[in-house]
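Listing of entry_28.cif; format and content: mmCIF, C-alpha atoms.
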```
data_target
#
loop_
_atom_site.group_PDB
_atom_site.id
_atom_site.type_symbol
_atom_site.label_atom_id
_atom_site.label_comp_id
_atom_site.auth_asym_id
_atom_site.auth_seq_id
_atom_site.Cartn_x
_atom_site.Cartn_y
_atom_site.Cartn_z
ATOM 1 C CA MET A 101 6.651 7.091 -15.217
ATOM 2 C CA SER A 102 6.866 6.806 -11.429
ATOM 3 C CA GLU A 103 3.866 7.356 -9.177
ATOM 4 C CA PRO A 104 3.408 10.926 -7.806
ATOM 5 C CA THR A 105 2.582 9.418 -4.403
ATOM 6 C CA PRO A 106 3.320 5.897 -3.190
ATOM 7 C CA LEU A 107 0.608 3.355 -3.977
ATOM 8 C CA VAL A 108 0.928 1.862 -0.500
ATOM 9 C CA CYS A 109 2.931 2.682 2.633
ATOM 10 C CA PRO A 110 3.667 0.871 5.905
ATOM 11 C CA GLY A 111 0.607 0.975 8.142
ATOM 12 C CA ASP A 112 -1.904 0.948 5.279
ATOM 13 C CA LEU A 113 -4.598 -1.716 5.068
ATOM 14 C CA VAL A 114 -4.693 -3.640 1.795
ATOM 15 C CA ALA A 115 -7.540 -5.896 0.628
ATOM 16 C CA LEU A 116 -6.529 -8.006 -2.362
ATOM 17 C CA ARG A 117 -8.791 -10.257 -4.368
ATOM 18 C CA GLN A 118 -7.420 -13.606 -5.491
ATOM 19 C CA CYS A 119 -6.643 -12.156 -8.938
ATOM 20 C CA ASP A 120 -4.891 -9.060 -7.494
ATOM 21 C CA HIS A 121 -1.600 -10.761 -6.603
ATOM 22 C CA LEU A 122 0.859 -13.175 -8.192
ATOM 23 C CA ASP A 123 0.129 -16.847 -7.521
ATOM 24 C CA GLY A 124 -3.025 -15.770 -5.684
ATOM 25 C CA LYS A 125 -4.663 -18.826 -4.197
ATOM 26 C CA ARG A 126 -7.096 -16.808 -2.064
ATOM 27 C CA PRO A 127 -8.038 -13.237 -1.172
ATOM 28 C CA VAL A 128 -5.668 -11.560 1.306
ATOM 29 C CA ARG A 129 -6.212 -8.659 3.722
ATOM 30 C CA LEU A 130 -3.141 -7.303 5.461
ATOM 31 C CA ARG A 131 -1.744 -4.386 7.392
ATOM 32 C CA VAL A 132 1.430 -3.468 5.530
ATOM 33 C CA ALA A 133 4.700 -3.493 7.478
ATOM 34 C CA GLU A 134 7.159 -3.299 4.558
ATOM 35 C CA VAL A 135 6.973 -2.245 0.925
ATOM 36 C CA TRP A 136 9.681 -3.400 -1.470
ATOM 37 C CA PRO A 137 9.490 -1.151 -4.514
ATOM 38 C CA SER A 138 9.965 -2.697 -7.918
ATOM 39 C CA PRO A 139 11.275 -1.245 -11.182
ATOM 40 C CA GLU A 140 8.776 0.733 -13.254
ATOM 41 C CA TRP A 141 8.642 -1.989 -15.918
ATOM 42 C CA ARG A 142 7.497 -4.607 -13.384
ATOM 43 C CA SER A 143 3.734 -4.906 -12.936
ATOM 44 C CA TRP A 144 3.814 -5.730 -9.220
ATOM 45 C CA VAL A 145 5.227 -4.589 -5.867
ATOM 46 C CA ALA A 146 6.179 -6.827 -2.914
ATOM 47 C CA LEU A 147 4.251 -6.217 0.318
ATOM 48 C CA TYR A 148 4.918 -7.773 3.713
ATOM 49 C CA GLY A 149 2.728 -7.491 6.771
ATOM 50 C CA ARG A 150 0.218 -9.213 9.051
ATOM 51 C CA GLU A 151 -2.963 -10.813 7.807
ATOM 52 C CA ILE A 152 -6.142 -9.335 9.308
ATOM 53 C CA ASN A 153 -9.765 -10.451 9.489
ATOM 54 C CA SER A 154 -8.912 -13.614 7.655
ATOM 55 C CA GLU A 155 -11.760 -16.002 6.966
ATOM 56 C CA ASP A 156 -9.407 -18.654 8.307
ATOM 57 C CA GLY A 157 -9.014 -17.748 11.987
ATOM 58 C CA ASP A 158 -5.739 -19.667 12.164
ATOM 59 C CA ARG A 159 -4.159 -17.169 9.734
ATOM 60 C CA ASP A 160 -5.286 -13.976 11.503
ATOM 61 C CA GLY A 161 -2.197 -12.046 12.625
ATOM 62 C CA LYS A 162 0.256 -14.291 10.773
ATOM 63 C CA ALA A 163 3.053 -12.806 8.727
ATOM 64 C CA VAL A 164 2.309 -12.745 5.011
ATOM 65 C CA GLY A 165 4.106 -11.592 1.889
ATOM 66 C CA VAL A 166 2.407 -10.931 -1.434
ATOM 67 C CA GLN A 167 3.377 -9.581 -4.820
ATOM 68 C CA ALA A 168 0.471 -7.244 -5.496
ATOM 69 C CA TYR A 169 -0.261 -5.963 -8.987
ATOM 70 C CA LYS A 170 0.165 -2.187 -9.222
ATOM 71 C CA ASP A 171 -3.100 -1.838 -11.173
ATOM 72 C CA ALA A 172 -4.947 -3.550 -8.322
ATOM 73 C CA LEU A 173 -3.416 -1.166 -5.772
ATOM 74 C CA ARG A 174 -4.667 1.797 -7.842
ATOM 75 C CA ARG A 175 -8.264 0.497 -7.771
ATOM 76 C CA PRO A 176 -10.475 2.453 -5.327
ATOM 77 C CA GLY A 177 -11.103 0.585 -2.081
ATOM 78 C CA THR A 178 -8.085 -1.722 -2.307
ATOM 79 C CA VAL A 179 -5.779 0.405 -0.142
ATOM 80 C CA THR A 180 -7.002 2.157 2.990
ATOM 81 C CA LYS A 181 -4.469 4.840 3.863
ATOM 82 C CA VAL A 182 -3.691 5.558 7.482
ATOM 83 C CA ASP A 183 -3.712 9.132 8.706
ATOM 84 C CA ARG A 184 -0.038 10.045 8.777
ATOM 85 C CA GLU A 185 -0.711 13.469 10.296
ATOM 86 C CA THR A 186 -2.193 12.228 13.578
ATOM 87 C CA PRO A 187 0.320 10.775 16.035
ATOM 88 C CA PRO A 188 -0.557 7.376 17.514
ATOM 89 C CA GLY A 189 -2.213 7.173 20.891
ATOM 90 C CA PRO A 190 -5.421 8.417 22.528
ATOM 91 C CA HIS A 191 -6.934 11.646 21.210
#
```
What would the structure in this file look like if it were written as C-alpha cells?
Amino acid sequence: MSEPTPLVCPGDLVALRQCDHLDGKRPVRLRVAEVWPSPEWRSWVALYGREINSEDGDRDGKAVGVQAYKDALRRPGTVTKVDRETPPGPH
C-alpha cells in the first residue's frame, strides 16, 4: 500500500543513523534536494541532497546520496518537514 503522504520531500531535513541506510558507514544528516521513489516492494528510497552539520567539517555542504530505509523515515524525529505553506524570504 502506498503512503498517504510522502515520507520525505525536497527541502526536508533528514537525520539518519548508521543503521538507517544501505551500506551505512556513518550517520548522515542532509537537506533533501531530490527524492527518487522506489517500488512498494522495495524497503528503501533514494535521497540526494547536501550534508549538514556533519561531524567532519570537510563534508559539510557536500553533495550526498543515500538509500534510506522507509521504516527509518517513518520513525519520529528522523524527518523534519519544512513549512510548505510559507513562501521563502523574510517575514
Shell around Ser143 (chain A) at 9 Å using all atoms listed in the file, local window under 3 positions removed, as a list in words: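 Contacts, in chain order: Ser138, Pro139, Glu140, Ala168, Tyr169, Lys170 and Asp171 of chain A.
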Separation of CA of Gly157 (chain A) from CA of Val145 (chain A) in Å: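 Separating CA of Val145 (chain A) from CA of Gly157 (chain A) is a distance of 26.4 Å.
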The PyMOL selection byres ((chain A and resi 123) around 12) applied to the shown file, residues as a ChimeraX atom specification: /A:117-122,124-128,144,165-169
Selection near Val108 (chain A), 8 Å with only C-alpha atoms, sequence-local residues under 3 positions removed, as a ChimeraX atom specification: /A:112,135,173,179,181
For the residues in the current selection, export C-alpha atoms as a PDB file, keeping the file's coordinate frame.
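Written out: part_29.pdb:
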```
ATOM      1  CA  ASP A 112      -1.904   0.948   5.279  1.00  0.00           C
ATOM      2  CA  VAL A 135       6.973  -2.245   0.925  1.00  0.00           C
ATOM      3  CA  LEU A 173      -3.416  -1.166  -5.772  1.00  0.00           C
ATOM      4  CA  VAL A 179      -5.779   0.405  -0.142  1.00  0.00           C
ATOM      5  CA  LYS A 181      -4.469   4.840   3.863  1.00  0.00           C
TER       6      LYS A 181
END
```
Within 10 Å of Leu130 (chain A) using all atoms listed in the file, minus same-chain residues under 2 positions, as a list in words: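 Result of the neighbour search: Gly111, Asp112, Leu113, Val114, Ala115, Leu116, Val128, Val132, Ala133, Leu147, Tyr148, Gly149, Arg150, Glu151, Ile152, Asn153, Ser154, Asp160, Gly161, Lys162, Ala163, Val164, Gly165, Val166 and Val179 of chain A.
For the pair CA of Leu107 (chain A) and CA of Arg174 (chain A), the separation is 6.7 Å.
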